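Raw contents of protein_37.cif, mmCIF, C-alpha atoms:
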```
data_query
#
loop_
_atom_site.label_atom_id
_atom_site.label_comp_id
_atom_site.auth_asym_id
_atom_site.auth_seq_id
_atom_site.Cartn_x
_atom_site.Cartn_y
_atom_site.Cartn_z
CA MET A 1195 83.75 87.54 183.61
CA ALA A 1196 83.72 87.39 187.41
CA ALA A 1197 84.53 90.15 189.86
CA ALA A 1198 88.08 90.04 191.21
CA GLY A 1199 88.74 89.38 194.89
CA GLY A 1200 86.29 87.83 197.33
CA GLY A 1201 88.43 84.90 198.41
CA GLY A 1202 86.87 82.57 195.85
CA ARG A 1203 83.35 82.94 197.21
CA SER A 1204 80.32 83.17 194.96
CA CYS A 1205 76.94 84.86 195.35
CA PHE A 1206 73.78 85.41 193.36
CA VAL A 1207 71.34 88.31 193.38
CA LEU A 1208 67.61 88.07 192.72
CA GLY A 1209 65.84 91.33 191.93
CA ALA A 1210 68.87 93.23 190.65
CA SER A 1211 66.66 95.39 188.41
CA GLY A 1212 64.97 97.02 191.41
CA GLU A 1213 66.24 99.99 193.37
CA THR A 1214 67.67 98.00 196.28
CA GLY A 1215 69.03 95.37 193.92
CA ARG A 1216 70.93 97.94 191.89
CA ALA A 1217 72.33 99.51 195.05
CA LEU A 1218 73.32 96.05 196.28
CA LEU A 1219 75.16 95.28 193.05
CA ARG A 1220 77.09 98.54 193.29
CA GLU A 1221 78.03 97.70 196.89
CA LEU A 1222 79.12 94.16 196.04
CA LEU A 1223 81.37 95.38 193.25
CA ALA A 1224 82.76 98.27 195.31
CA GLN A 1225 83.67 96.01 198.23
CA ARG A 1226 84.95 93.19 195.99
CA ALA A 1227 83.41 90.85 198.53
CA PHE A 1228 82.91 87.95 196.12
CA ALA A 1229 85.00 86.46 193.36
CA ARG A 1230 81.85 85.65 191.39
CA VAL A 1231 78.60 87.63 191.30
CA THR A 1232 75.67 86.24 189.32
CA LEU A 1233 72.44 88.09 188.60
CA ILE A 1234 69.46 85.76 188.19
CA GLY A 1235 66.47 87.34 186.50
CA ARG A 1236 63.87 87.16 183.77
CA ARG A 1237 65.97 89.29 181.40
CA ARG A 1238 69.52 90.52 180.96
CA LEU A 1239 70.23 93.95 182.37
CA SER A 1240 72.20 96.71 180.72
CA LEU A 1241 74.84 97.54 183.31
CA GLY A 1242 77.33 99.66 181.42
CA GLU A 1243 80.88 99.24 182.71
CA ALA A 1244 79.70 96.88 185.46
CA GLU A 1245 78.49 94.35 182.91
CA ALA A 1246 81.95 92.84 182.51
CA ALA A 1247 82.24 92.27 186.27
CA VAL A 1248 79.18 90.04 186.71
CA GLU A 1249 77.52 87.00 185.21
CA GLN A 1250 73.86 87.05 184.20
CA THR A 1251 71.52 84.08 184.00
CA VAL A 1252 68.06 84.42 182.48
CA VAL A 1253 65.32 82.20 183.96
CA ASP A 1254 61.59 81.68 183.61
CA PHE A 1255 60.21 82.16 187.12
CA GLU A 1256 57.05 80.32 186.15
CA GLN A 1257 59.19 77.23 185.53
CA LEU A 1258 61.96 77.89 188.00
CA GLY A 1259 62.48 74.20 188.71
CA LYS A 1260 63.94 73.84 185.23
CA HIS A 1261 66.68 76.31 186.12
CA ALA A 1262 68.15 74.56 189.14
CA ALA A 1263 71.63 74.84 187.62
CA ALA A 1264 71.47 78.64 187.98
CA PHE A 1265 71.39 78.24 191.77
CA GLN A 1266 74.22 75.74 192.09
CA GLY A 1267 77.64 76.57 193.52
CA HIS A 1268 76.84 79.81 195.33
CA ASP A 1269 77.87 80.45 198.92
CA VAL A 1270 75.44 83.33 199.45
CA GLY A 1271 72.09 84.32 197.99
CA PHE A 1272 70.70 87.86 198.10
CA CYS A 1273 67.00 88.34 197.42
CA CYS A 1274 65.50 91.73 196.60
CA LEU A 1275 62.77 90.23 194.44
CA GLY A 1276 59.37 91.86 194.60
CA THR A 1277 56.54 93.62 192.80
CA THR A 1278 53.40 95.53 193.80
CA ARG A 1279 49.73 94.68 193.90
CA ALA A 1280 49.04 97.66 191.64
CA LYS A 1281 51.44 96.36 189.02
CA ALA A 1282 50.81 92.62 189.14
CA GLY A 1283 47.40 92.27 190.80
CA ALA A 1284 46.84 90.42 194.08
CA ASP A 1285 47.56 86.97 192.67
CA GLY A 1286 50.64 88.18 190.80
CA PHE A 1287 51.98 89.91 193.89
CA VAL A 1288 51.65 86.72 195.95
CA ARG A 1289 53.27 84.67 193.20
CA VAL A 1290 56.31 86.95 192.90
CA ASP A 1291 56.89 88.00 196.49
CA ARG A 1292 56.15 84.66 198.11
CA ASP A 1293 56.12 81.75 195.69
CA TYR A 1294 59.06 82.74 193.48
CA VAL A 1295 61.17 83.60 196.52
CA ARG A 1296 60.32 80.34 198.29
CA GLN A 1297 61.21 78.22 195.29
CA ALA A 1298 64.41 80.15 194.65
CA ALA A 1299 65.44 79.64 198.27
CA GLU A 1300 64.79 75.90 198.04
CA LEU A 1301 66.84 75.63 194.84
CA ALA A 1302 69.63 77.67 196.37
CA ARG A 1303 69.80 75.49 199.46
CA ALA A 1304 69.84 72.35 197.32
CA GLY A 1305 72.63 73.91 195.27
CA GLY A 1306 74.86 74.46 198.29
CA CYS A 1307 73.98 78.00 199.40
CA LYS A 1308 74.88 78.53 203.07
CA HIS A 1309 73.59 82.06 203.75
CA PHE A 1310 70.37 83.54 202.35
CA VAL A 1311 69.69 87.26 202.76
CA LEU A 1312 66.11 88.40 202.23
CA GLN A 1313 64.79 91.93 201.88
CA SER A 1314 61.38 91.92 203.53
CA SER A 1315 59.46 94.83 205.04
CA ARG A 1316 58.76 96.51 208.33
CA GLY A 1317 55.59 95.09 209.86
CA ALA A 1318 55.84 91.73 208.10
CA ASN A 1319 53.44 89.36 209.85
CA ALA A 1320 51.97 86.13 208.51
CA GLN A 1321 48.82 86.82 210.56
CA SER A 1322 48.28 90.35 209.28
CA ARG A 1323 44.93 91.23 207.68
CA PHE A 1324 46.81 93.35 205.14
CA LEU A 1325 47.88 91.38 202.07
CA TYR A 1326 51.28 93.02 201.68
CA LEU A 1327 52.40 92.48 205.27
CA ARG A 1328 50.86 89.00 205.42
CA VAL A 1329 52.71 87.83 202.30
CA LYS A 1330 55.97 89.29 203.57
CA GLY A 1331 55.48 87.45 206.86
CA GLU A 1332 54.63 84.22 205.08
CA VAL A 1333 57.72 84.33 202.89
CA GLU A 1334 59.92 85.06 205.90
CA ASN A 1335 58.62 81.89 207.55
CA LEU A 1336 59.03 79.84 204.37
CA VAL A 1337 62.61 80.96 203.81
CA GLN A 1338 63.56 80.26 207.43
CA ALA A 1339 62.10 76.77 207.10
CA VAL A 1340 64.39 75.94 204.17
CA GLY A 1341 67.23 75.35 206.62
CA PHE A 1342 70.14 77.55 205.58
CA ASP A 1343 73.18 77.66 207.84
CA HIS A 1344 72.47 81.38 208.12
CA CYS A 1345 69.36 83.31 207.18
CA THR A 1346 69.25 87.09 207.50
CA ILE A 1347 65.99 88.98 207.02
CA LEU A 1348 65.98 92.75 206.68
CA ARG A 1349 62.80 94.68 207.45
CA PRO A 1350 63.31 98.19 206.12
CA ALA A 1351 60.68 100.90 206.48
CA VAL A 1352 59.95 103.27 203.56
CA LEU A 1353 62.79 102.99 201.05
CA LEU A 1354 64.29 106.29 199.97
CA CYS A 1355 65.53 106.27 196.39
CA LYS A 1356 65.24 107.88 192.99
CA ARG A 1357 63.02 105.24 191.47
CA GLN A 1358 63.12 104.80 187.70
CA GLU A 1359 59.68 103.22 187.67
CA SER A 1360 56.78 105.62 188.24
CA ARG A 1361 54.86 104.94 191.46
CA PRO A 1362 53.04 108.22 192.35
CA MET A 1363 51.84 107.29 195.85
CA GLU A 1364 55.22 105.87 196.78
CA TRP A 1365 56.88 109.07 195.49
CA ILE A 1366 54.65 111.15 197.76
CA ALA A 1367 55.53 108.93 200.73
CA GLN A 1368 59.22 109.24 199.93
CA GLN A 1369 59.02 113.03 199.86
CA PHE A 1370 57.30 113.08 203.25
CA PHE A 1371 59.54 110.55 204.95
CA GLY A 1372 62.61 112.02 203.31
CA ALA A 1373 61.81 115.29 205.08
CA VAL A 1374 61.10 113.49 208.35
CA ALA A 1375 64.44 111.69 208.05
CA TRP A 1376 66.26 114.97 208.57
CA VAL A 1377 64.86 115.05 212.11
CA PHE A 1378 64.42 111.32 212.87
CA PRO A 1379 66.85 109.55 210.53
CA THR A 1380 66.12 105.98 211.64
CA ALA A 1381 62.41 106.18 212.45
CA ASN A 1382 60.33 105.60 209.34
CA SER A 1383 62.61 105.42 206.32
CA VAL A 1384 65.97 104.21 205.06
CA PRO A 1385 68.00 104.90 201.89
CA VAL A 1386 68.37 101.89 199.60
CA GLU A 1387 72.14 102.39 199.74
CA THR A 1388 72.05 101.83 203.50
CA VAL A 1389 70.02 98.65 203.05
CA ALA A 1390 72.53 97.41 200.47
CA ARG A 1391 75.49 98.07 202.76
CA ALA A 1392 73.75 96.23 205.59
CA MET A 1393 73.00 93.25 203.35
CA VAL A 1394 76.65 92.86 202.44
CA ALA A 1395 77.85 93.52 205.99
CA CYS A 1396 75.65 90.81 207.52
CA VAL A 1397 77.28 88.28 205.19
CA LEU A 1398 80.83 89.39 205.87
CA GLN A 1399 80.11 89.24 209.62
CA PRO A 1400 77.36 86.61 209.99
CA GLY A 1401 77.62 86.00 213.73
CA GLU A 1402 76.49 82.83 215.46
CA LYS A 1403 72.71 83.10 215.11
CA LYS A 1404 71.15 80.84 212.52
CA VAL A 1405 68.36 83.34 211.84
CA LYS A 1406 68.80 87.08 212.26
CA LEU A 1407 66.07 89.71 211.86
CA LEU A 1408 67.20 93.29 211.24
CA GLU A 1409 64.59 95.96 211.84
CA ASN A 1410 64.89 99.46 210.39
CA ARG A 1411 67.06 100.91 213.16
CA ALA A 1412 69.45 97.96 213.05
CA ILE A 1413 69.73 98.34 209.26
CA HIS A 1414 70.68 101.99 209.74
CA GLU A 1415 73.27 101.13 212.38
CA LEU A 1416 74.87 98.35 210.37
CA GLY A 1417 74.86 100.33 207.14
CA LYS A 1418 76.32 103.39 208.87
CA ALA A 1419 79.07 101.34 210.48
CA VAL A 1420 80.12 99.98 207.09
CA ARG A 1421 80.15 103.46 205.55
CA GLN A 1422 82.32 104.80 208.38
CA GLN A 1423 84.78 101.92 207.97
CA GLY A 1424 85.13 102.79 204.32
CA THR A 1425 85.94 106.47 204.93
#
```

Rewritten as structure tokens:
Amino acid sequence: MAAAGGGGRSCFVLGASGETGRALLRELLAQRAFARVTLIGRRRLSLGEAEAAVEQTVVDFEQLGKHAAAFQGHDVGFCCLGTTRAKAGADGFVRVDRDYVRQAAELARAGGCKHFVLQSSRGANAQSRFLYLRVKGEVENLVQAVGFDHCTILRPAVLLCKRQESRPMEWIAQQFFGAVAWVFPTANSVPVETVARAMVACVLQPGEKKVKLLENRAIHELGKAVRQQGT
């Protein structure tokens, strides 16, 4: 069953099981921005009451080319896909955060997607000596090269959330930057809910630029503007 509203437009979400992905799904359903919302992932998610409002397509990311049909007929693609080096190893991290995303973007473009929205990271740089930032920079370049009518890349700083998955060092960072955010709210962190609102907003108001990069402060400003409009 598809979500009501949205003027007949369709979107897909990659990485809906992650913190930003879940926040994005809640935002999409709350705003009723799309008539059809499809989650593309390696397994079906238990979504409670929201399950009836979305479609879910299970794919094998190692053989993503066999699932081209999953990417057909969508106007917009949202990508929150990602893992960590600690969880997947260096090779696994590169495969998920760069290779899976690149191939998904190519399939989406071939399937008619006009606007691709990518969650990247602050400091992304294809020339960085740090693996994480280098891979994020590389995938940004690869996605831009696909040739979407519009490509929006968000570069959030430390994501503030109540993560279900245990990541001790990230939890410590969140506690620190969460405290700092009380004094400098846009400096070094951003709530996942704000990122989600910004992702939806940049699609509803795409502007004229073919490629748009949103750094942490811009994400805060866009997400805050959406929240104020809804109050």

request  = Go through the shown structure with the PyMOL selection byres ((chain A and resi 1253) around 10) and write out the matching residues as an NGL selection string.
outcome  = :A and (1234-1238 or 1250-1252 or 1254-1262 or 1264)

Can I get the selected residues back with C-alpha atoms, as a CSV table (one decimal), in the coordinates of the input?
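Writing the result to selection_34.csv gives the following:
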```
chain,number,residue,atom,x,y,z
A,1234,ILE,CA,69.5,85.8,188.2
A,1235,GLY,CA,66.5,87.3,186.5
A,1236,ARG,CA,63.9,87.2,183.8
A,1237,ARG,CA,66.0,89.3,181.4
A,1238,ARG,CA,69.5,90.5,181.0
A,1250,GLN,CA,73.9,87.0,184.2
A,1251,THR,CA,71.5,84.1,184.0
A,1252,VAL,CA,68.1,84.4,182.5
A,1254,ASP,CA,61.6,81.7,183.6
A,1255,PHE,CA,60.2,82.2,187.1
A,1256,GLU,CA,57.0,80.3,186.2
A,1257,GLN,CA,59.2,77.2,185.5
A,1258,LEU,CA,62.0,77.9,188.0
A,1259,GLY,CA,62.5,74.2,188.7
A,1260,LYS,CA,63.9,73.8,185.2
A,1261,HIS,CA,66.7,76.3,186.1
A,1262,ALA,CA,68.2,74.6,189.1
A,1264,ALA,CA,71.5,78.6,188.0
```

message = If the PyMOL selection byres ((chain A and resi 1245) around 12) were run on this exact file, what residues would it hold? Put them as a ChimeraX atom specification.
response = /A:1195-1197,1219-1220,1223,1231-1233,1238-1244,1246-1250

inquiry  = List the spatial neighbours of region 1405-1420 of chain A as a count of residues only - criterion: any atom at most 6 Å away, only C-alpha atoms, same-chain residues fewer than 4 positions off excluded.
reply    = 12

Ala1210 (chain A) environment, 8 Å, all atoms listed in the file, sequence neighbours closer than 2 positions dropped, as a compact mmCIF listing (two decimals) with C-alpha atoms, in the frame of the given file:
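Contents of the output file out21.txt:
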```txt
# COMPACT_ATOMS: atom_id res chain seq x y z
CA VAL A 1207 71.34 88.31 193.38
CA LEU A 1208 67.61 88.07 192.72
CA GLY A 1212 64.97 97.02 191.41
CA GLU A 1213 66.24 99.99 193.37
CA THR A 1214 67.67 98.00 196.28
CA GLY A 1215 69.03 95.37 193.92
CA ARG A 1216 70.93 97.94 191.89
CA LEU A 1218 73.32 96.05 196.28
CA LEU A 1219 75.16 95.28 193.05
CA LEU A 1233 72.44 88.09 188.60
CA ILE A 1234 69.46 85.76 188.19
CA GLY A 1235 66.47 87.34 186.50
CA CYS A 1274 65.50 91.73 196.60
CA LEU A 1275 62.77 90.23 194.44
```

task = Please identify all polymer residues within 10 Å of Arg1279 (chain A), counting only C-alpha atoms, omitting same-chain residues fewer than 5 positions from it, and present them as a PyMOL selection string.
result = chain A and resi 1284-1288+1325-1326

query = By how many Å are CA of Phe1324 (chain A) and CA of Arg1289 (chain A) apart?
reply =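 Answer for the CA of Phe1324 (chain A) to CA of Arg1289 (chain A) separation: 16.1 Å.
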
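For the pair CA of Phe1228 (chain A) and CA of Glu1300 (chain A), the interatomic distance is 21.8 Å.
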
query = Applied to this file, what does the PyMOL selection byres ((chain A and resi 1342) around 8) return in terms of residues, put as a PyMOL selection string?
reply = chain A and resi 1303+1307-1310+1338+1340-1341+1343-1345+1404

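Reported to one decimal place, the separation of CA of Ser1322 (chain A) from CA of Val1352 (chain A) is 18.3 Å.
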
query = Taking only C-alpha atoms into account, which of A:Val1333, A:Lys1403, A:Ala1304, A:Ala1227 comes nearest Cys1273 (chain A)?
reply =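 The shortest atom-to-atom distance to Cys1273 (chain A) comes from A:Val1333.
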
inquiry  = Counting all atoms listed in the file, which residue out of A:Thr1277, A:Ser1211, A:Gln1297, A:Ser1315 sits closest to Ala1339 (chain A)?
reply    =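 Closest to Ala1339 (chain A), using all atoms listed in the file: A:Gln1297.
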
request  = Determine, counting only C-alpha atoms, which protein, DNA and RNA residues have an atom within 8 Å of an atom of Leu1353 (chain A); residues of the same chain fewer than 3 positions away are not included. Present the result as a ChimeraX atom specification.
outcome  = /A:1350,1368,1383-1386

key: Among listed residues A:Leu1327, A:Ala1263, A:Leu1336, A:Ala1217, nearest Leu1312 (chain A) (using all atoms listed in the file)   =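 Looking at the shortest contact to Leu1312 (chain A), the residue is A:Leu1336.
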